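Next comes coords-v3.txt, with compact mmCIF, C-alpha atoms.
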```txt
# COMPACT_ATOMS: atom_id res chain seq x y z
CA MET E 1 -8.64 -85.17 -58.20
CA VAL E 2 -6.01 -82.83 -59.41
CA ARG E 3 -8.49 -79.93 -59.56
CA PHE E 4 -9.74 -80.65 -56.03
CA GLU E 5 -6.23 -80.69 -54.57
CA SER E 6 -5.40 -77.33 -56.22
CA VAL E 7 -8.48 -75.53 -54.82
CA SER E 8 -7.95 -76.91 -51.32
CA LEU E 9 -4.34 -75.79 -51.25
CA LYS E 10 -5.33 -72.30 -52.28
CA ARG E 11 -7.93 -72.13 -49.50
CA VAL E 12 -5.37 -73.32 -46.97
CA ARG E 13 -2.92 -70.62 -48.07
CA ASN E 14 -5.57 -67.94 -47.81
CA LEU E 15 -6.56 -69.10 -44.36
CA LEU E 16 -2.95 -69.05 -43.18
CA GLY E 17 -2.51 -65.53 -44.55
CA LEU E 18 -5.59 -64.32 -42.68
CA ILE E 19 -4.38 -65.89 -39.45
CA LEU E 20 -0.98 -64.22 -39.88
CA LEU E 21 -2.62 -60.81 -40.48
CA ILE E 22 -4.76 -61.10 -37.35
CA ALA E 23 -1.70 -62.03 -35.32
CA VAL E 24 0.21 -58.98 -36.53
CA VAL E 25 -2.71 -56.67 -35.62
CA LEU E 26 -3.03 -58.20 -32.17
CA VAL E 27 0.68 -57.78 -31.48
CA ALA E 28 0.60 -54.15 -32.59
CA CYS E 29 -2.36 -53.39 -30.35
CA SER E 30 -0.72 -55.04 -27.37
CA ARG E 31 2.40 -52.78 -27.69
CA GLY E 32 0.82 -49.52 -26.50
CA GLU E 33 4.13 -48.30 -25.12
CA ASP E 34 5.42 -47.86 -28.66
CA LYS E 35 2.63 -45.40 -29.50
CA PRO E 36 3.11 -41.67 -28.84
CA SER E 37 1.03 -40.15 -26.00
CA PRO E 38 -2.05 -38.36 -27.28
CA SER E 39 -1.85 -34.58 -27.15
CA ALA E 40 -4.57 -32.17 -26.10
CA SER E 41 -5.24 -31.47 -29.78
CA ASP E 42 -5.62 -35.22 -30.46
CA ASN E 43 -8.22 -35.47 -27.70
CA PRO E 44 -9.69 -32.01 -27.08
CA GLY E 45 -12.56 -33.36 -25.02
CA GLY E 46 -10.46 -35.72 -22.93
CA SER E 47 -9.85 -35.60 -19.19
CA PRO E 48 -6.62 -34.15 -17.67
CA ALA E 49 -5.28 -37.67 -17.28
CA GLN E 50 -5.53 -38.13 -21.04
CA SER E 51 -3.68 -34.87 -21.89
CA GLN E 52 -0.21 -33.55 -21.34
CA THR E 53 0.77 -32.41 -17.82
CA PRO E 54 0.34 -28.60 -17.66
CA ALA E 55 3.44 -26.48 -17.17
CA LYS E 56 4.24 -25.51 -13.58
CA LYS E 57 3.16 -21.99 -12.64
CA THR E 58 5.69 -19.37 -11.59
CA GLU E 59 4.93 -18.46 -7.98
CA ILE E 60 5.19 -14.82 -6.87
CA GLN E 61 5.10 -13.75 -3.24
CA TYR E 62 3.33 -10.43 -2.61
CA TRP E 63 3.29 -8.82 0.85
CA TYR E 64 0.88 -6.04 1.78
CA TRP E 65 -0.98 -4.32 4.62
CA LEU E 66 -4.54 -3.00 4.84
CA ASP E 67 -6.05 -0.13 6.80
CA ASP E 68 -9.36 -1.99 6.85
CA SER E 69 -8.43 -5.64 7.25
CA ALA E 70 -12.12 -6.63 7.33
CA ASN E 71 -12.23 -5.88 3.60
CA ASN E 72 -9.41 -7.77 1.91
CA ILE E 73 -9.71 -6.16 -1.50
CA ILE E 74 -6.06 -7.05 -2.23
CA GLU E 75 -6.76 -10.78 -1.94
CA GLN E 76 -9.71 -10.33 -4.30
CA LEU E 77 -7.44 -8.63 -6.83
CA ILE E 78 -4.81 -11.35 -6.46
CA GLN E 79 -7.40 -14.01 -7.23
CA GLU E 80 -8.59 -12.03 -10.25
CA PHE E 81 -5.03 -11.84 -11.59
CA ASN E 82 -4.40 -15.54 -10.96
CA SER E 83 -7.60 -16.49 -12.79
CA ALA E 84 -6.54 -14.49 -15.83
CA ASN E 85 -2.94 -15.78 -15.94
CA ASP E 86 -2.35 -19.50 -16.39
CA ASP E 87 1.41 -19.28 -15.94
CA ILE E 88 1.69 -17.16 -12.75
CA GLN E 89 0.42 -17.84 -9.24
CA VAL E 90 0.55 -14.85 -6.89
CA VAL E 91 0.50 -15.73 -3.20
CA GLY E 92 -0.42 -12.85 -0.92
CA ARG E 93 0.62 -12.30 2.68
CA LEU E 94 -1.24 -9.78 4.83
CA ILE E 95 0.98 -8.18 7.51
CA PRO E 96 -0.14 -5.58 10.08
CA PHE E 97 1.19 -2.17 9.15
CA ASN E 98 2.87 -1.62 12.52
CA ASP E 99 4.99 -4.74 11.89
CA PHE E 100 5.49 -4.30 8.16
CA GLN E 101 8.81 -2.47 7.92
CA GLN E 102 10.52 -4.70 10.48
CA THR E 103 9.09 -7.84 8.88
CA LEU E 104 10.63 -6.79 5.55
CA ILE E 105 13.99 -6.13 7.23
CA ASN E 106 13.87 -9.53 8.95
CA SER E 107 12.98 -11.27 5.67
CA VAL E 108 16.06 -9.80 4.00
CA ALA E 109 18.27 -10.96 6.86
CA SER E 110 16.89 -14.50 6.54
CA ASP E 111 17.09 -14.49 2.72
CA ASP E 112 13.33 -14.85 2.49
CA ALA E 113 12.19 -11.52 1.04
CA PRO E 114 9.07 -11.40 -1.13
CA ASP E 115 9.19 -10.89 -4.87
CA VAL E 116 6.88 -7.87 -4.77
CA SER E 117 5.82 -5.77 -1.80
CA LYS E 118 3.59 -2.87 -0.96
CA PHE E 119 5.86 -0.04 0.13
CA LYS E 120 6.04 3.48 1.56
CA ASP E 121 8.11 6.34 0.20
CA TRP E 122 9.60 6.70 3.72
CA TRP E 123 11.59 3.49 3.22
CA ILE E 124 13.08 4.17 -0.24
CA GLY E 125 16.39 5.66 0.96
CA GLN E 126 16.95 2.98 3.59
CA PHE E 127 16.32 -0.02 1.31
CA VAL E 128 18.03 1.40 -1.78
CA ASP E 129 21.12 2.26 0.27
CA SER E 130 21.30 -1.43 1.24
CA GLY E 131 20.97 -2.53 -2.40
CA LEU E 132 17.68 -4.37 -1.89
CA LEU E 133 15.35 -2.91 -4.52
CA GLU E 134 15.23 -3.54 -8.26
CA PRO E 135 15.41 -0.42 -10.49
CA LEU E 136 12.24 -0.24 -12.56
CA ASP E 137 13.12 2.16 -15.39
CA GLU E 138 13.62 -0.60 -17.96
CA TYR E 139 10.13 -1.88 -17.19
CA THR E 140 8.27 1.42 -16.87
CA LYS E 141 9.59 2.94 -20.11
CA THR E 142 7.43 0.53 -22.11
CA TRP E 143 4.47 0.42 -19.70
CA GLU E 144 1.36 1.65 -21.51
CA HIS E 145 0.12 3.79 -18.59
CA ALA E 146 3.41 5.52 -17.74
CA SER E 147 2.36 8.88 -19.23
CA ASP E 148 -0.84 8.84 -17.15
CA ILE E 149 1.22 9.53 -14.00
CA ASP E 150 2.63 13.00 -13.30
CA GLU E 151 6.37 13.36 -12.78
CA VAL E 152 5.87 14.61 -9.22
CA PHE E 153 4.46 11.19 -8.33
CA TRP E 154 7.23 9.28 -10.12
CA LYS E 155 9.72 11.21 -7.99
CA THR E 156 8.29 9.69 -4.81
CA GLY E 157 9.82 6.38 -5.89
CA LYS E 158 13.32 7.83 -6.33
CA THR E 159 16.18 8.71 -3.99
CA VAL E 160 17.73 12.18 -3.56
CA ASP E 161 20.26 11.37 -6.29
CA PRO E 162 19.26 13.53 -9.29
CA ASN E 163 20.05 10.56 -11.55
CA SER E 164 18.10 8.08 -9.46
CA PRO E 165 16.00 5.51 -11.30
CA VAL E 166 12.48 4.70 -10.13
CA TYR E 167 12.54 2.05 -7.41
CA MET E 168 8.87 2.18 -6.39
CA MET E 169 5.85 2.17 -8.67
CA PRO E 170 3.59 4.98 -7.44
CA HIS E 171 0.12 3.67 -6.78
CA GLN E 172 -1.97 5.50 -4.20
CA TYR E 173 -1.36 8.91 -2.71
CA ILE E 174 -2.71 10.48 0.45
CA THR E 175 -2.92 14.01 1.77
CA PHE E 176 -3.73 14.62 5.41
CA TYR E 177 -6.79 16.64 6.35
CA LEU E 178 -9.02 16.95 9.43
CA TYR E 179 -12.10 14.91 10.26
CA TYR E 180 -14.49 16.42 12.80
CA ARG E 181 -17.76 15.38 14.41
CA LYS E 182 -20.43 17.76 13.12
CA ASP E 183 -22.85 16.74 15.86
CA LEU E 184 -20.39 17.52 18.66
CA PHE E 185 -19.39 20.84 17.09
CA GLU E 186 -23.03 21.88 16.67
CA GLU E 187 -23.87 20.97 20.26
CA ALA E 188 -20.97 23.16 21.44
CA GLY E 189 -21.85 26.00 19.04
CA LEU E 190 -18.48 25.73 17.26
CA GLN E 191 -17.44 26.21 13.66
CA PRO E 192 -14.97 23.81 11.99
CA PRO E 193 -11.41 25.11 12.48
CA LYS E 194 -9.49 26.94 9.78
CA THR E 195 -6.44 27.96 11.81
CA LEU E 196 -4.40 26.16 14.43
CA ASP E 197 -5.70 28.62 17.03
CA ASP E 198 -9.25 27.66 16.02
CA PHE E 199 -8.26 24.01 16.34
CA LEU E 200 -6.80 24.41 19.82
CA GLN E 201 -9.75 26.41 21.15
CA ALA E 202 -12.22 23.85 19.77
CA ALA E 203 -10.19 20.96 21.24
CA ILE E 204 -10.22 22.62 24.67
CA ALA E 205 -13.96 23.36 24.49
CA LEU E 206 -14.77 19.77 23.47
CA THR E 207 -12.71 18.16 26.22
CA ASP E 208 -14.43 16.92 29.38
CA PRO E 209 -12.46 14.12 31.09
CA ALA E 210 -15.35 13.49 33.51
CA LYS E 211 -17.41 12.39 30.51
CA GLN E 212 -14.44 10.70 28.84
CA GLN E 213 -14.76 13.28 26.09
CA TYR E 214 -11.64 14.68 24.38
CA GLY E 215 -11.08 17.20 21.63
CA PHE E 216 -8.45 15.40 19.56
CA ALA E 217 -7.49 11.82 18.68
CA TYR E 218 -3.70 12.05 19.17
CA ARG E 219 -1.89 9.13 17.51
CA GLY E 220 1.18 8.51 19.64
CA GLY E 221 1.45 4.81 18.70
CA GLY E 222 2.49 3.08 15.49
CA GLY E 223 2.21 5.21 12.35
CA GLY E 224 1.78 8.42 14.34
CA GLN E 225 4.71 10.12 12.62
CA ASP E 226 2.50 11.01 9.62
CA GLN E 227 -0.02 12.83 11.80
CA TRP E 228 2.82 14.60 13.59
CA TYR E 229 4.46 15.63 10.31
CA ALA E 230 1.16 16.98 8.94
CA PHE E 231 0.83 19.28 11.96
CA MET E 232 4.50 20.25 11.80
CA LEU E 233 4.08 21.37 8.17
CA ALA E 234 0.82 23.19 8.90
CA ASN E 235 2.62 24.98 11.74
CA GLY E 236 5.40 26.32 9.52
CA ALA E 237 8.15 23.72 10.10
CA ARG E 238 10.06 22.02 7.28
CA MET E 239 12.19 18.90 7.27
CA VAL E 240 14.71 20.23 4.72
CA ASP E 241 15.15 23.56 2.96
CA GLU E 242 15.21 24.16 -0.80
CA GLN E 243 18.93 23.30 -0.92
CA GLY E 244 18.36 19.99 0.85
CA ASN E 245 19.79 21.08 4.21
CA ILE E 246 18.19 19.43 7.23
CA ILE E 247 16.40 22.12 9.25
CA ILE E 248 13.80 20.23 11.30
CA ASN E 249 15.66 21.15 14.51
CA ASN E 250 15.69 24.90 13.85
CA GLU E 251 13.56 27.39 15.76
CA ASP E 252 10.44 26.77 13.66
CA GLY E 253 10.76 23.01 14.03
CA VAL E 254 11.24 23.10 17.79
CA ARG E 255 8.33 25.55 18.21
CA ALA E 256 5.95 23.51 16.02
CA ASN E 257 6.83 20.27 17.77
CA GLN E 258 6.35 21.87 21.19
CA TRP E 259 2.88 23.05 20.14
CA TYR E 260 1.98 19.53 19.06
CA THR E 261 3.21 17.67 22.15
CA ASP E 262 1.56 20.28 24.39
CA LEU E 263 -1.79 19.00 23.15
CA TYR E 264 -1.08 16.00 25.37
CA LYS E 265 1.22 17.42 28.04
CA VAL E 266 -0.24 20.86 28.76
CA HIS E 267 -3.72 21.21 27.30
CA LYS E 268 -4.67 17.56 27.88
CA VAL E 269 -7.15 17.58 25.01
CA THR E 270 -6.23 13.99 24.07
CA PRO E 271 -7.27 10.67 25.60
CA PRO E 272 -4.92 9.51 28.39
CA THR E 273 -4.03 6.50 26.19
CA ALA E 274 -2.71 8.79 23.43
CA MET E 275 0.93 7.71 23.81
CA THR E 276 0.09 4.21 22.60
CA ASP E 277 -3.01 4.85 20.47
CA SER E 278 -2.59 3.63 16.91
CA TYR E 279 -4.94 3.60 13.93
CA ALA E 280 -7.50 1.20 15.39
CA GLN E 281 -7.76 3.17 18.63
CA ILE E 282 -8.15 6.63 17.09
CA MET E 283 -10.75 5.30 14.64
CA ALA E 284 -12.74 3.61 17.39
CA GLY E 285 -12.65 6.70 19.63
CA PHE E 286 -13.73 9.03 16.84
CA GLN E 287 -16.60 6.77 15.76
CA ALA E 288 -17.76 6.42 19.37
CA GLY E 289 -17.65 10.19 19.94
CA THR E 290 -14.93 9.91 22.57
CA THR E 291 -12.87 12.29 20.41
CA ALA E 292 -14.21 15.16 18.33
CA MET E 293 -11.38 15.61 15.78
CA MET E 294 -9.00 13.26 14.01
CA ALA E 295 -6.27 13.94 11.44
CA HIS E 296 -6.12 11.29 8.73
CA HIS E 297 -6.73 10.87 5.00
CA ILE E 298 -9.15 9.56 2.39
CA GLY E 299 -8.27 5.96 3.29
CA SER E 300 -10.61 6.08 6.30
CA TYR E 301 -13.44 8.08 4.73
CA GLU E 302 -15.67 5.20 3.59
CA THR E 303 -15.42 3.44 6.94
CA LEU E 304 -16.18 6.61 8.88
CA TYR E 305 -19.04 7.66 6.64
CA ALA E 306 -20.63 4.21 6.90
CA ALA E 307 -20.53 4.55 10.70
CA LEU E 308 -21.42 8.25 11.09
CA GLY E 309 -23.24 9.40 7.97
CA ASP E 310 -24.04 13.12 8.10
CA LYS E 311 -22.32 13.45 11.47
CA LEU E 312 -18.98 13.24 9.65
CA GLY E 313 -17.28 16.48 8.67
CA VAL E 314 -14.09 17.05 6.64
CA VAL E 315 -11.98 20.22 6.34
CA PRO E 316 -8.42 20.93 5.17
CA MET E 317 -5.69 20.80 7.78
CA PRO E 318 -5.93 23.89 10.03
CA GLN E 319 -3.01 26.24 9.36
CA ARG E 320 -0.77 28.63 11.24
CA ASP E 321 -0.78 30.83 8.13
CA PRO E 322 -3.80 30.10 5.91
CA ASP E 323 -2.23 32.14 3.11
CA ASN E 324 0.68 29.67 2.96
CA PRO E 325 -0.91 26.28 3.66
CA ALA E 326 0.95 23.01 3.95
CA THR E 327 0.11 19.44 4.84
CA MET E 328 1.69 16.04 4.62
CA GLY E 329 1.41 13.88 1.53
CA THR E 330 2.81 10.39 1.17
CA MET E 331 2.89 7.75 -1.51
CA THR E 332 2.07 4.09 -1.14
CA GLY E 333 3.50 2.08 -4.01
CA ASN E 334 4.96 -1.30 -4.87
CA VAL E 335 8.52 -2.54 -5.29
CA ILE E 336 10.30 -5.56 -6.69
CA PHE E 337 13.06 -6.95 -4.51
CA LYS E 338 16.39 -7.45 -6.21
CA SER E 339 16.58 -10.97 -4.74
CA SER E 340 13.50 -12.09 -6.72
CA LYS E 341 14.22 -15.03 -9.02
CA ASN E 342 11.18 -14.22 -11.17
CA LYS E 343 11.37 -10.53 -11.96
CA GLU E 344 9.51 -10.67 -15.28
CA ALA E 345 6.56 -12.43 -13.68
CA ALA E 346 6.77 -10.03 -10.73
CA TRP E 347 6.58 -7.07 -13.10
CA ARG E 348 3.55 -8.52 -14.90
CA PHE E 349 1.66 -8.62 -11.61
CA LEU E 350 2.94 -5.25 -10.40
CA SER E 351 2.07 -3.49 -13.68
CA TRP E 352 -1.41 -5.06 -13.73
CA LEU E 353 -2.00 -4.01 -10.12
CA SER E 354 -0.94 -0.46 -11.05
CA GLY E 355 -3.24 -0.31 -14.07
CA PRO E 356 -6.61 1.49 -14.23
CA GLU E 357 -8.93 -1.46 -13.58
CA ALA E 358 -7.22 -2.81 -10.45
CA THR E 359 -6.38 0.67 -9.14
CA ASP E 360 -9.99 1.82 -9.49
CA LYS E 361 -11.30 -1.19 -7.57
CA LEU E 362 -8.80 -0.63 -4.78
CA SER E 363 -9.39 3.12 -4.63
CA GLN E 364 -13.18 2.71 -4.44
CA SER E 365 -12.93 0.25 -1.54
CA THR E 366 -12.71 1.01 2.18
CA ASN E 367 -8.94 0.72 1.73
CA GLY E 368 -8.96 3.34 -1.01
CA GLN E 369 -6.68 6.33 -1.38
CA LEU E 370 -6.05 8.84 -4.17
CA PRO E 371 -5.12 7.04 -7.41
CA VAL E 372 -2.11 8.50 -9.20
CA LEU E 373 -3.55 7.86 -12.66
CA ASN E 374 -4.89 11.13 -14.07
CA SER E 375 -7.45 9.26 -16.16
CA LEU E 376 -9.06 7.98 -12.95
CA VAL E 377 -8.89 11.12 -10.80
CA SER E 378 -10.78 13.08 -13.44
CA GLN E 379 -13.74 10.68 -13.32
CA PRO E 380 -16.94 11.60 -11.39
CA GLN E 381 -16.55 8.95 -8.70
CA TYR E 382 -13.48 10.78 -7.39
CA GLN E 383 -15.44 14.00 -6.90
CA LYS E 384 -18.38 12.40 -5.14
CA ASN E 385 -17.88 13.65 -1.56
CA GLU E 386 -16.06 16.20 0.56
CA GLY E 387 -13.34 13.72 1.48
CA TRP E 388 -12.26 13.21 -2.13
CA LYS E 389 -12.58 16.88 -3.02
CA ILE E 390 -10.49 18.13 -0.10
CA ALA E 391 -7.87 15.39 -0.55
CA ILE E 392 -7.38 16.32 -4.21
CA GLU E 393 -7.34 20.05 -3.48
CA SER E 394 -4.73 19.48 -0.75
CA GLU E 395 -2.32 17.97 -3.29
CA LYS E 396 -1.47 21.55 -4.31
CA PHE E 397 0.27 22.24 -0.98
CA ALA E 398 1.26 18.77 0.22
CA HIS E 399 4.87 17.91 1.16
CA VAL E 400 6.23 14.36 1.14
CA TRP E 401 8.90 12.99 3.45
CA PRO E 402 12.35 13.64 1.98
CA PRO E 403 13.78 10.49 0.34
CA LEU E 404 16.65 10.17 2.82
CA LYS E 405 17.91 6.93 4.31
CA GLY E 406 17.16 8.12 7.85
CA VAL E 407 13.43 8.52 7.16
CA GLY E 408 13.09 4.75 7.38
CA ALA E 409 14.60 4.80 10.85
CA ILE E 410 12.36 7.70 11.89
CA ALA E 411 9.26 5.83 10.74
CA GLY E 412 10.53 2.63 12.31
CA HIS E 413 11.42 3.81 15.82
CA VAL E 414 13.19 7.17 16.15
CA TRP E 415 10.07 9.33 16.15
CA LYS E 416 8.16 7.01 18.47
CA ASP E 417 11.05 6.53 20.92
CA ASN E 418 11.80 10.24 21.28
CA SER E 419 8.18 11.32 21.23
CA ASP E 420 7.51 9.03 24.20
CA LEU E 421 10.48 10.50 26.07
CA GLU E 422 9.26 14.03 25.43
CA LEU E 423 5.67 13.25 26.43
CA ILE E 424 6.82 11.92 29.82
CA GLY E 425 9.19 14.85 30.33
CA GLU E 426 12.48 13.03 29.92
CA ILE E 427 13.70 15.18 27.01
CA THR E 428 12.85 18.62 25.59
CA SER E 429 11.39 19.54 22.22
CA GLN E 430 14.86 20.68 21.12
CA GLN E 431 16.38 17.33 22.05
CA ASN E 432 13.58 15.50 20.25
CA MET E 433 14.13 17.47 17.05
CA ASP E 434 17.90 17.07 17.34
CA ALA E 435 17.37 13.31 17.42
CA ILE E 436 15.17 13.50 14.31
CA ALA E 437 17.78 15.64 12.52
CA ALA E 438 20.58 13.23 13.50
CA ALA E 439 18.64 10.29 12.06
CA LEU E 440 18.14 12.18 8.79
CA LYS E 441 21.87 12.84 8.51
CA GLU E 442 22.88 9.21 8.86
```
Hey, can you dump this file as structure tokens for me?
Amino acid sequence: MVRFESVSLKRVRNLLGLILLIAVVLVACSRGEDKPSPSASDNPGGSPAQSQTPAKKTEIQYWYWLDDSANNIIEQLIQEFNSANDDIQVVGRLIPFNDFQQTLINSVASDDAPDVSKFKDWWIGQFVDSGLLEPLDEYTKTWEHASDIDEVFWKTGKTVDPNSPVYMMPHQYITFYLYYRKDLFEEAGLQPPKTLDDFLQAAIALTDPAKQQYGFAYRGGGGGQDQWYAFMLANGARMVDEQGNIIINNEDGVRANQWYTDLYKVHKVTPPTAMTDSYAQIMAGFQAGTTAMMAHHIGSYETLYAALGDKLGVVPMPQRDPDNPATMGTMTGNVIFKSSKNKEAAWRFLSWLSGPEATDKLSQSTNGQLPVLNSLVSQPQYQKNEGWKIAIESEKFAHVWPPLKGVGAIAGHVWKDNSDLELIGEITSQQNMDAIAAALKE
């Protein structure tokens, strides 16, 4: 009996111990809140709900315009950047060019400016004077492609101050030249113009209002100041002299401007809608054959060639003095606004957009212009047609707008307002140029 009692007691103790162990395990399993959350490395194949919440992306607002809004290459590039960067989300906003400058000004007034924006060299003086743009020298000095851009292009992002930092990353450059309809010239037995006299005689010969046919697509609407300035330069006028003195209202300036406005007022070689015609209207008229010549740049070449093929001709800007040629050049770049709360992320996007891969895609599109990167311009695709060749050759004698504060006002309204008054006979060419000079001196 003694032996039996001893064995039974041992079994009872073992059974109680097992029960206690099971109870402890069950309690531990029921207290899941005491266990640490599994990490992505603990559960690499798990669903998002089983892993840590990803960090919030830094959002960057980028505003831009397009010449050919049917091909939104910028949005494609934005999506490419976003896909390659887990920590930044760029949100693009497409704004019509005619509204762009004023929209930027309004956004500053309402404290709602973008982080990064497409920009024109015309606006540098105006926006820098108001303290709105972030200096970029600290960023560009370590940018791997900085030496691939010539100094002359870096200067387009500076003010007139000799110690000015870079405020605008140069991106795409344009030089104005002349498009002409080969078919219309051949029918009239005309050669493409080399001088301004050639141009005027061809415009007169190709004008027949009864057939709604006009020699020249005069851009009197939004953005027309570039076309005007290209003809002013080709006709011997200059905005400032070598010492920086404003001379647009001197004898040469008044004469050149009178010649230009007489295309509409006296010779009537332009459509009757010329005062309000903007980019869309001059493009449509030229493609339809309503106009025989149009001054623009490489940015419209692909669109025009797709529509016209071998009917499209390109020549340098006709000159008053072919031995001393001049045309208008202007830079389109990108800026960071000083008000941006995420400047490092803004720079990452801006520098990527300015790099060879993104620049090449943009330049080869229907919104393309001359890339400022020497490594790209030297490649065969930028020598493939007359448009590219003439645009690059014209860089040798192209003049940009002077980086003065008043240029922004001229591009915004001063040129358009006074040009309209002159075209309807309310003011003279001298008064028009005096108004331009006054705006430059502000």
Two-atom distance - CA of Leu376 (chain E), CA of Tyr167 (chain E) (Å): 23.1 Å
For Arg238 (chain E), the nearest of the candidates E:Ala437, E:Ile95, E:Ala188, E:Leu362, counting all atoms listed in the file: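 Of all the options, E:Ala437 lies closest to Arg238 (chain E).
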Nearest residue to Lys118 (chain E) from the set E:Gln431, E:Gln369, E:Thr270, E:Gln172 (distances using all atoms listed in the file):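 Of E:Gln431, E:Gln369, E:Thr270, E:Gln172, the one nearest Lys118 (chain E), counting all atoms listed in the file, is E:Gln172.
In this comparison, which uses all atoms listed in the file, the residue of E:Asp321, E:Glu426, E:Glu59, E:Asp420 approaching Gln225 (chain E) most closely is E:Asp420.
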Residue contacts of region 61-64 of chain E (9 Å, only C-alpha atoms) excluding same-chain residues fewer than 6 positions away, as a list in words: Ile74, Gln89, Val90, Val91, Gly92, Arg93, Leu94, Ile95, Pro96, Phe97, Phe100, Leu104, Ala113, Pro114, Asp115, Val116, Ser117, Lys118, Phe119 and Ala346 of chain E
Which residues of region 112-165 of chain E come within 7 Å of region 405-408 of chain E, and for each one, what is the closest pair of atoms and their distance in Å to one decimal, counting all atoms listed in the file, sorted by chain and residue number, as a Markdown table?
```
| residue | atom | partner | partner_atom | distance |
| --- | --- | --- | --- | --- |
| E:Trp122 | CA | E:Gly408 | CA | 5.4 |
| E:Trp123 | CA | E:Gly408 | CA | 4.6 |
| E:Gly125 | CA | E:Lys405 | CA | 3.9 |
| E:Gln126 | CA | E:Lys405 | CA | 4.1 |
| E:Asp129 | CA | E:Lys405 | CA | 7.0 |
```
So that I have them on file, write out the residues from the current selection with C-alpha atoms, as a short mmCIF file (atom, residue, chain, number, x, y, z; two decimals), keeping the file's coordinate frame.
```cif
data_model
loop_
_atom_site.label_atom_id
_atom_site.label_comp_id
_atom_site.auth_asym_id
_atom_site.auth_seq_id
_atom_site.Cartn_x
_atom_site.Cartn_y
_atom_site.Cartn_z
CA TRP E 122 9.60 6.70 3.72
CA TRP E 123 11.59 3.49 3.22
CA GLY E 125 16.39 5.66 0.96
CA GLN E 126 16.95 2.98 3.59
CA ASP E 129 21.12 2.26 0.27
#
```
Residues near Pro316 (chain E), cut-off 10 Å, all atoms listed in the file, skip fewer than 6 positions along chain, as a list of chain:residue names: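 Selected residues are E:Thr175, E:Phe176, E:Tyr177, E:Leu178, E:Tyr179, E:Pro192, E:Pro193, E:Lys194, E:Thr195, E:Ala295, E:Pro325, E:Ala326, E:Thr327, E:Gly387, E:Ile390, E:Ala391, E:Glu393, E:Ser394.
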I'd like the contact shell of Arg219 (chain E) - 8 Å cut-off, only C-alpha atoms, skipping same-chain residues fewer than 2 positions apart - returned as a compact mmCIF listing (two decimals) with C-alpha atoms, in the coordinates of the input.
```txt
# COMPACT_ATOMS: atom_id res chain seq x y z
CA ALA E 217 -7.49 11.82 18.68
CA GLY E 221 1.45 4.81 18.70
CA GLY E 222 2.49 3.08 15.49
CA GLY E 223 2.21 5.21 12.35
CA GLY E 224 1.78 8.42 14.34
CA GLN E 227 -0.02 12.83 11.80
CA ALA E 274 -2.71 8.79 23.43
CA MET E 275 0.93 7.71 23.81
CA THR E 276 0.09 4.21 22.60
CA ASP E 277 -3.01 4.85 20.47
CA SER E 278 -2.59 3.63 16.91
CA TYR E 279 -4.94 3.60 13.93
CA ILE E 282 -8.15 6.63 17.09
```
E:Phe81, E:Phe185, E:Trp228, E:Tyr139 ranked by distance to Trp415 (chain E), top pick (using only C-alpha atoms):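 Ranked by minimum distance to Trp415 (chain E), first place goes to E:Trp228.
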Contacts of Asn249 (chain E) at 6 Å (only C-alpha atoms; same-chain gap of 4+ positions) as a VMD selection string: chain E and resid 253 to 254 433 to 434
Just C-alpha atoms for this one: save the residues we selected as a PDB file, in the frame of the given file.
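What ended up in part30.pdb:
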```pdb
ATOM      1  CA  GLY E 253      10.760  23.010  14.030  1.00  0.00           C
ATOM      2  CA  VAL E 254      11.240  23.100  17.790  1.00  0.00           C
ATOM      3  CA  MET E 433      14.130  17.470  17.050  1.00  0.00           C
ATOM      4  CA  ASP E 434      17.900  17.070  17.340  1.00  0.00           C
TER       5      ASP E 434
END
```
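Residues surrounding Asn367 (chain E) within 6 Å are Asp67, Asp68 and Gly299 of chain E [only C-alpha atoms; sequence separation below 4 positions excluded].
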Length of the CA of Thr366 (chain E) to CA of Tyr305 (chain E) vector [Å]: 10.2 Å
Residue nearest Asp262 (chain E) among E:Ala146, E:Leu308, E:Ala435, E:Ile424 (counting all atoms listed in the file):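 The shortest atom-to-atom distance to Asp262 (chain E) comes from E:Ile424.
If you look at CA of Gly157 (chain E) and CA of Asn342 (chain E), they are 21.3 Å away from each other.
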For His296 (chain E), the nearest of the candidates E:Asn334, E:Leu404, E:Asp360, E:Ala230, counting only C-alpha atoms: E:Ala230
Where is the centre and how long are the edges: axis-aligned box on region 400-412 of chain E, 6 Å on each side, Å to one decimal, as AutoDock Vina command-line options:
```
--center_x 12.1 --center_y 8.5 --center_z 6.3 --size_x 23.7 --size_y 23.7 --size_z 24.0
```
